[in-house]
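A.B. asks: Input structure: work_33.txt, which contains compact mmCIF, N, CA and C atoms.
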```txt
# COMPACT_ATOMS: atom_id res chain seq x y z
N PRO A 1 -13.83 7.87 -19.02
CA PRO A 1 -13.99 9.32 -18.92
C PRO A 1 -12.84 9.94 -18.14
N TYR A 2 -12.55 11.16 -18.44
CA TYR A 2 -11.52 11.86 -17.70
C TYR A 2 -11.99 13.28 -17.41
N THR A 3 -11.39 13.88 -16.39
CA THR A 3 -11.77 15.21 -15.96
C THR A 3 -10.59 16.13 -16.16
N GLU A 4 -10.87 17.33 -16.63
CA GLU A 4 -9.80 18.31 -16.76
C GLU A 4 -10.20 19.58 -16.05
N ARG A 5 -9.24 20.22 -15.46
CA ARG A 5 -9.48 21.48 -14.76
C ARG A 5 -9.52 22.61 -15.77
N GLY A 6 -10.21 23.68 -15.40
CA GLY A 6 -10.22 24.88 -16.24
C GLY A 6 -8.82 25.44 -16.37
N SER A 7 -8.59 26.22 -17.39
CA SER A 7 -7.24 26.72 -17.64
C SER A 7 -6.93 28.01 -16.90
N ALA A 8 -7.97 28.71 -16.43
CA ALA A 8 -7.72 29.97 -15.73
C ALA A 8 -7.18 29.71 -14.33
N VAL A 9 -6.35 30.62 -13.84
CA VAL A 9 -5.78 30.47 -12.50
C VAL A 9 -6.91 30.49 -11.48
N GLY A 10 -6.93 29.49 -10.61
CA GLY A 10 -7.95 29.41 -9.58
C GLY A 10 -9.29 28.89 -10.09
N ASP A 11 -9.37 28.48 -11.33
CA ASP A 11 -10.62 27.98 -11.90
C ASP A 11 -10.83 26.55 -11.41
N GLU A 12 -11.84 26.34 -10.60
CA GLU A 12 -12.10 25.02 -10.04
C GLU A 12 -13.21 24.28 -10.78
N ARG A 13 -13.69 24.84 -11.89
CA ARG A 13 -14.69 24.13 -12.67
C ARG A 13 -14.04 22.94 -13.36
N HIS A 14 -14.80 21.90 -13.56
CA HIS A 14 -14.29 20.70 -14.21
C HIS A 14 -15.13 20.37 -15.43
N ALA A 15 -14.50 19.81 -16.41
CA ALA A 15 -15.22 19.32 -17.59
C ALA A 15 -14.91 17.83 -17.70
N GLN A 16 -15.93 17.02 -17.74
CA GLN A 16 -15.72 15.59 -17.89
C GLN A 16 -16.05 15.19 -19.31
N HIS A 17 -15.13 14.48 -19.94
CA HIS A 17 -15.31 14.02 -21.31
C HIS A 17 -15.26 12.51 -21.32
N ASP A 18 -15.88 11.93 -22.35
CA ASP A 18 -15.87 10.48 -22.47
C ASP A 18 -14.62 9.97 -23.18
N GLY A 19 -13.91 10.83 -23.85
CA GLY A 19 -12.67 10.41 -24.48
C GLY A 19 -12.20 11.37 -25.55
N VAL A 20 -11.05 11.05 -26.10
CA VAL A 20 -10.46 11.81 -27.20
C VAL A 20 -9.92 10.80 -28.19
N ILE A 21 -10.13 11.06 -29.47
CA ILE A 21 -9.59 10.21 -30.53
C ILE A 21 -8.67 11.08 -31.38
N TYR A 22 -7.50 10.55 -31.70
CA TYR A 22 -6.58 11.20 -32.62
C TYR A 22 -6.54 10.36 -33.88
N ALA A 23 -7.03 10.91 -34.99
CA ALA A 23 -7.05 10.18 -36.26
C ALA A 23 -6.99 11.17 -37.41
N LEU A 24 -6.36 10.75 -38.49
CA LEU A 24 -6.29 11.56 -39.70
C LEU A 24 -5.75 12.96 -39.41
N ASN A 25 -4.74 13.04 -38.53
CA ASN A 25 -4.12 14.32 -38.16
C ASN A 25 -5.10 15.29 -37.53
N ARG A 26 -6.14 14.77 -36.89
CA ARG A 26 -7.14 15.61 -36.21
C ARG A 26 -7.35 15.08 -34.81
N SER A 27 -7.91 15.95 -33.98
CA SER A 27 -8.31 15.56 -32.63
C SER A 27 -9.83 15.63 -32.54
N PHE A 28 -10.43 14.62 -31.92
CA PHE A 28 -11.88 14.55 -31.78
C PHE A 28 -12.22 14.37 -30.30
N LEU A 29 -12.93 15.32 -29.74
CA LEU A 29 -13.41 15.24 -28.38
C LEU A 29 -14.71 14.44 -28.40
N ILE A 30 -14.80 13.38 -27.60
CA ILE A 30 -15.91 12.43 -27.67
C ILE A 30 -16.88 12.62 -26.51
N GLU A 31 -18.16 12.58 -26.83
CA GLU A 31 -19.24 12.59 -25.83
C GLU A 31 -20.23 11.50 -26.24
N CYS A 32 -20.65 10.68 -25.29
CA CYS A 32 -21.56 9.57 -25.56
C CYS A 32 -22.82 9.71 -24.70
N LYS A 33 -23.97 9.46 -25.31
CA LYS A 33 -25.25 9.53 -24.61
C LYS A 33 -26.02 8.23 -24.83
N ASN A 34 -26.43 7.62 -23.73
CA ASN A 34 -27.24 6.40 -23.78
C ASN A 34 -28.51 6.69 -23.00
N GLU A 35 -29.40 7.44 -23.62
CA GLU A 35 -30.60 7.91 -22.95
C GLU A 35 -31.84 7.24 -23.52
N GLU A 36 -32.96 7.42 -22.86
CA GLU A 36 -34.23 6.80 -23.27
C GLU A 36 -34.77 7.35 -24.58
N GLY A 37 -34.47 8.60 -24.88
CA GLY A 37 -34.98 9.22 -26.10
C GLY A 37 -33.89 9.96 -26.84
N PRO A 38 -34.26 10.61 -27.93
CA PRO A 38 -33.27 11.37 -28.71
C PRO A 38 -32.64 12.50 -27.89
N VAL A 39 -31.40 12.77 -28.18
CA VAL A 39 -30.64 13.82 -27.50
C VAL A 39 -31.07 15.17 -28.07
N ASP A 40 -31.23 16.15 -27.17
CA ASP A 40 -31.64 17.48 -27.63
C ASP A 40 -30.43 18.39 -27.84
N VAL A 41 -30.70 19.61 -28.18
CA VAL A 41 -29.67 20.57 -28.56
C VAL A 41 -28.72 20.91 -27.41
N THR A 42 -29.13 20.70 -26.17
CA THR A 42 -28.29 21.04 -25.01
C THR A 42 -26.95 20.32 -25.04
N ALA A 43 -26.96 19.04 -25.36
CA ALA A 43 -25.71 18.27 -25.39
C ALA A 43 -24.76 18.80 -26.45
N ILE A 44 -25.30 19.22 -27.58
CA ILE A 44 -24.46 19.77 -28.66
C ILE A 44 -23.89 21.11 -28.23
N ALA A 45 -24.70 21.95 -27.61
CA ALA A 45 -24.23 23.26 -27.16
C ALA A 45 -23.12 23.11 -26.12
N LYS A 46 -23.26 22.16 -25.20
CA LYS A 46 -22.21 21.93 -24.20
C LYS A 46 -20.92 21.46 -24.85
N LEU A 47 -21.03 20.56 -25.81
CA LEU A 47 -19.83 20.07 -26.49
C LEU A 47 -19.16 21.19 -27.26
N ARG A 48 -19.93 22.02 -27.93
CA ARG A 48 -19.37 23.17 -28.65
C ARG A 48 -18.66 24.12 -27.69
N PHE A 49 -19.23 24.31 -26.50
CA PHE A 49 -18.61 25.18 -25.50
C PHE A 49 -17.23 24.62 -25.10
N HIS A 50 -17.15 23.30 -24.90
CA HIS A 50 -15.87 22.69 -24.53
C HIS A 50 -14.85 22.76 -25.66
N LEU A 51 -15.31 22.83 -26.89
CA LEU A 51 -14.39 22.93 -28.02
C LEU A 51 -13.78 24.32 -28.17
N GLU A 52 -14.43 25.33 -27.58
CA GLU A 52 -13.94 26.71 -27.73
C GLU A 52 -12.52 26.89 -27.22
N GLY A 53 -12.13 26.16 -26.20
CA GLY A 53 -10.79 26.31 -25.64
C GLY A 53 -9.76 25.38 -26.26
N ARG A 54 -10.13 24.67 -27.29
CA ARG A 54 -9.24 23.72 -27.95
C ARG A 54 -8.56 24.36 -29.16
N PRO A 55 -7.49 23.74 -29.62
CA PRO A 55 -6.82 24.26 -30.82
C PRO A 55 -7.76 24.25 -32.02
N PRO A 56 -7.57 25.17 -32.94
CA PRO A 56 -8.40 25.19 -34.15
C PRO A 56 -8.32 23.84 -34.87
N GLY A 57 -9.43 23.41 -35.40
CA GLY A 57 -9.47 22.13 -36.10
C GLY A 57 -9.91 20.97 -35.24
N THR A 58 -9.96 21.17 -33.92
CA THR A 58 -10.46 20.12 -33.05
C THR A 58 -11.95 19.96 -33.28
N MET A 59 -12.38 18.74 -33.46
CA MET A 59 -13.80 18.45 -33.71
C MET A 59 -14.41 17.77 -32.49
N GLY A 60 -15.72 17.85 -32.40
CA GLY A 60 -16.46 17.11 -31.39
C GLY A 60 -17.27 16.02 -32.06
N VAL A 61 -17.38 14.88 -31.40
CA VAL A 61 -18.22 13.79 -31.90
C VAL A 61 -19.18 13.42 -30.79
N LEU A 62 -20.46 13.46 -31.11
CA LEU A 62 -21.50 13.14 -30.13
C LEU A 62 -22.21 11.87 -30.59
N PHE A 63 -22.06 10.80 -29.80
CA PHE A 63 -22.72 9.54 -30.08
C PHE A 63 -24.00 9.45 -29.26
N SER A 64 -25.10 9.05 -29.89
CA SER A 64 -26.36 8.88 -29.18
C SER A 64 -27.05 7.63 -29.69
N ARG A 65 -27.28 6.69 -28.79
CA ARG A 65 -27.93 5.43 -29.16
C ARG A 65 -29.31 5.67 -29.74
N MET A 66 -30.04 6.66 -29.23
CA MET A 66 -31.41 6.91 -29.65
C MET A 66 -31.54 8.04 -30.67
N GLY A 67 -30.43 8.53 -31.19
CA GLY A 67 -30.49 9.58 -32.20
C GLY A 67 -30.64 10.96 -31.60
N PHE A 68 -31.11 11.90 -32.41
CA PHE A 68 -31.15 13.30 -32.04
C PHE A 68 -32.50 13.91 -32.40
N THR A 69 -32.91 14.90 -31.65
CA THR A 69 -34.15 15.61 -31.98
C THR A 69 -33.92 16.41 -33.27
N ASP A 70 -35.01 16.77 -33.94
CA ASP A 70 -34.89 17.58 -35.15
C ASP A 70 -34.20 18.91 -34.89
N PRO A 71 -34.56 19.64 -33.80
CA PRO A 71 -33.84 20.89 -33.53
C PRO A 71 -32.34 20.68 -33.30
N ALA A 72 -31.96 19.57 -32.67
CA ALA A 72 -30.53 19.30 -32.44
C ALA A 72 -29.81 19.07 -33.76
N THR A 73 -30.41 18.31 -34.64
CA THR A 73 -29.82 18.05 -35.95
C THR A 73 -29.70 19.34 -36.75
N PHE A 74 -30.72 20.16 -36.71
CA PHE A 74 -30.71 21.45 -37.42
C PHE A 74 -29.59 22.33 -36.88
N TYR A 75 -29.48 22.42 -35.56
CA TYR A 75 -28.45 23.24 -34.92
C TYR A 75 -27.05 22.77 -35.33
N ALA A 76 -26.82 21.46 -35.30
CA ALA A 76 -25.50 20.93 -35.63
C ALA A 76 -25.14 21.20 -37.09
N GLN A 77 -26.12 21.26 -37.97
CA GLN A 77 -25.86 21.47 -39.40
C GLN A 77 -25.59 22.93 -39.74
N PHE A 78 -26.15 23.84 -38.95
CA PHE A 78 -26.06 25.24 -39.34
C PHE A 78 -25.28 26.14 -38.37
N ALA A 79 -24.86 25.60 -37.23
CA ALA A 79 -24.05 26.40 -36.30
C ALA A 79 -22.67 26.60 -36.91
N SER A 80 -22.10 27.75 -36.65
CA SER A 80 -20.78 28.03 -37.20
C SER A 80 -19.79 28.23 -36.06
N PRO A 81 -18.65 27.58 -36.10
CA PRO A 81 -18.17 26.70 -37.15
C PRO A 81 -18.83 25.32 -37.07
N LEU A 82 -18.76 24.57 -38.16
CA LEU A 82 -19.30 23.22 -38.20
C LEU A 82 -18.25 22.29 -37.59
N ASN A 83 -18.31 22.11 -36.27
CA ASN A 83 -17.26 21.36 -35.59
C ASN A 83 -17.78 20.22 -34.73
N VAL A 84 -19.05 19.83 -34.90
CA VAL A 84 -19.61 18.71 -34.14
C VAL A 84 -20.23 17.71 -35.11
N LEU A 85 -19.78 16.46 -35.01
CA LEU A 85 -20.33 15.37 -35.80
C LEU A 85 -21.31 14.59 -34.94
N LEU A 86 -22.46 14.24 -35.49
CA LEU A 86 -23.46 13.47 -34.77
C LEU A 86 -23.50 12.04 -35.30
N TRP A 87 -23.44 11.08 -34.39
CA TRP A 87 -23.55 9.67 -34.75
C TRP A 87 -24.72 9.06 -33.98
N SER A 88 -25.67 8.53 -34.70
CA SER A 88 -26.80 7.84 -34.07
C SER A 88 -26.42 6.37 -33.85
N GLY A 89 -27.25 5.67 -33.12
CA GLY A 89 -27.02 4.24 -32.89
C GLY A 89 -26.95 3.46 -34.19
N GLN A 90 -27.78 3.82 -35.15
CA GLN A 90 -27.80 3.14 -36.44
C GLN A 90 -26.47 3.33 -37.19
N GLN A 91 -25.95 4.54 -37.18
CA GLN A 91 -24.67 4.80 -37.84
C GLN A 91 -23.52 4.09 -37.14
N LEU A 92 -23.56 4.07 -35.82
CA LEU A 92 -22.53 3.38 -35.06
C LEU A 92 -22.57 1.88 -35.34
N ARG A 93 -23.76 1.31 -35.38
CA ARG A 93 -23.90 -0.12 -35.68
C ARG A 93 -23.33 -0.44 -37.06
N PHE A 94 -23.59 0.43 -38.05
CA PHE A 94 -23.06 0.24 -39.40
C PHE A 94 -21.53 0.20 -39.36
N ALA A 95 -20.92 1.13 -38.66
CA ALA A 95 -19.46 1.19 -38.58
C ALA A 95 -18.89 -0.04 -37.88
N VAL A 96 -19.53 -0.48 -36.81
CA VAL A 96 -19.06 -1.65 -36.07
C VAL A 96 -19.21 -2.91 -36.92
N ASP A 97 -20.32 -3.04 -37.62
CA ASP A 97 -20.55 -4.21 -38.47
C ASP A 97 -19.52 -4.31 -39.59
N ARG A 98 -19.04 -3.18 -40.07
CA ARG A 98 -18.02 -3.18 -41.13
C ARG A 98 -16.66 -3.60 -40.58
N LYS A 99 -16.47 -3.48 -39.28
CA LYS A 99 -15.23 -3.86 -38.58
C LYS A 99 -14.01 -3.09 -39.08
N LYS A 100 -14.26 -1.89 -39.59
CA LYS A 100 -13.14 -1.01 -39.95
C LYS A 100 -13.69 0.41 -39.91
N PRO A 101 -12.80 1.39 -39.78
CA PRO A 101 -13.28 2.77 -39.72
C PRO A 101 -14.09 3.15 -40.96
N VAL A 102 -15.08 3.99 -40.77
CA VAL A 102 -15.94 4.43 -41.86
C VAL A 102 -15.16 5.21 -42.90
N TRP A 103 -14.11 5.94 -42.48
CA TRP A 103 -13.40 6.80 -43.42
C TRP A 103 -12.41 6.02 -44.30
N VAL A 104 -12.25 4.71 -44.08
CA VAL A 104 -11.32 3.92 -44.90
C VAL A 104 -12.00 3.49 -46.18
```
Represent the supplied structure as structure tokens.
C.D. replies:
Amino acid sequence: PYTERGSAVGDERHAQHDGVIYALNRSFLIECKNEEGPVDVTAIAKLRFHLEGRPPGTMGVLFSRMGFTDPATFYAQFASPLNVLLWSGQQLRFAVDRKKPVWV
């Protein structure tokens, strides 16, 4: 994880991210959740907020071992712009088992 300072002069707020991936000429801001239950809409809203200050085309990827609540999935599908990808534990396991990126 890394921390970045706000861009405004004197802004002491910090945003901590789990990582960034550069692939397919795109940037992906990464957030990972390893919680007891499905992730709710709050995590998606926070990630979308952090994407607002990024260059156009930057996407967010939210990984959750336990999946997502129905409202979270609904929000991610219909919020505009569509800039957050959700990966559940099952989808992540599929990608790891293939031992190559899913988009190949």
A.B. asks: Would you mind writing down, as a list of chain:residue names, each residue of region 14-82 of chain A that DSSP on the backbone assigns to strand (DSSP E)?
C.D. replies: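 In region 14-82 of chain A, DSSP puts these residues in strand (DSSP E): A:His14, A:Ala15, A:Gln16, A:His17, A:Gly19, A:Val20, A:Ile21, A:Tyr22, A:Ala23, A:Arg26, A:Ser27, A:Phe28, A:Leu29, A:Ile30, A:Glu31, A:Cys32, A:Lys33, A:Met59, A:Gly60, A:Val61, A:Leu62, A:Phe63, A:Ser64.
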A.B. asks: Neighbouring residues of region 43-59 of chain A were defined as those with any atom within 7 Å, considering all atoms listed in the file; residues of the same chain fewer than 2 positions away were excluded. Please report them as a ChimeraX atom specification.
C.D. replies: /A:26-30,39-41,61,83-85
A.B. asks: Tell me, in Å to one decimal, how far atom C of Glu35 (chain A) is from atom N of Phe78 (chain A).
C.D. replies: 23.4 Å
A.B. asks: Can you measure atom C of Pro71 (chain A) to CA of Asp97 (chain A) for me? One decimal in Å is fine.
C.D. replies: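 These two atoms are separated by 28.0 Å.
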A.B. asks: Among region 16-74 of chain A, which ones does DSSP assign to alpha helix (DSSP H) (computed from the backbone)? Answer as a list in words.
C.D. replies: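 In region 16-74 of chain A, DSSP puts these residues in alpha helix (DSSP H): Val41, Thr42, Ala43, Ile44, Ala45, Lys46, Leu47, Arg48, Phe49, His50, Leu51, Asp70, Pro71, Ala72, Thr73 and Phe74 of chain A.
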A.B. asks: Return the single residue from A:Ala72, A:Leu86, A:Ala79, A:Met66 that is closest to Glu36 (chain A), with distances computed using only N, CA and C atoms.
C.D. replies: A:Met66
A.B. asks: So which one's closest to Gly67 (chain A), A:Asn34, A:Ser80, A:Thr42, A:Ser88? Using only C-alpha atoms, please.
C.D. replies: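 The shortest atom-to-atom distance to Gly67 (chain A) comes from A:Ser88.
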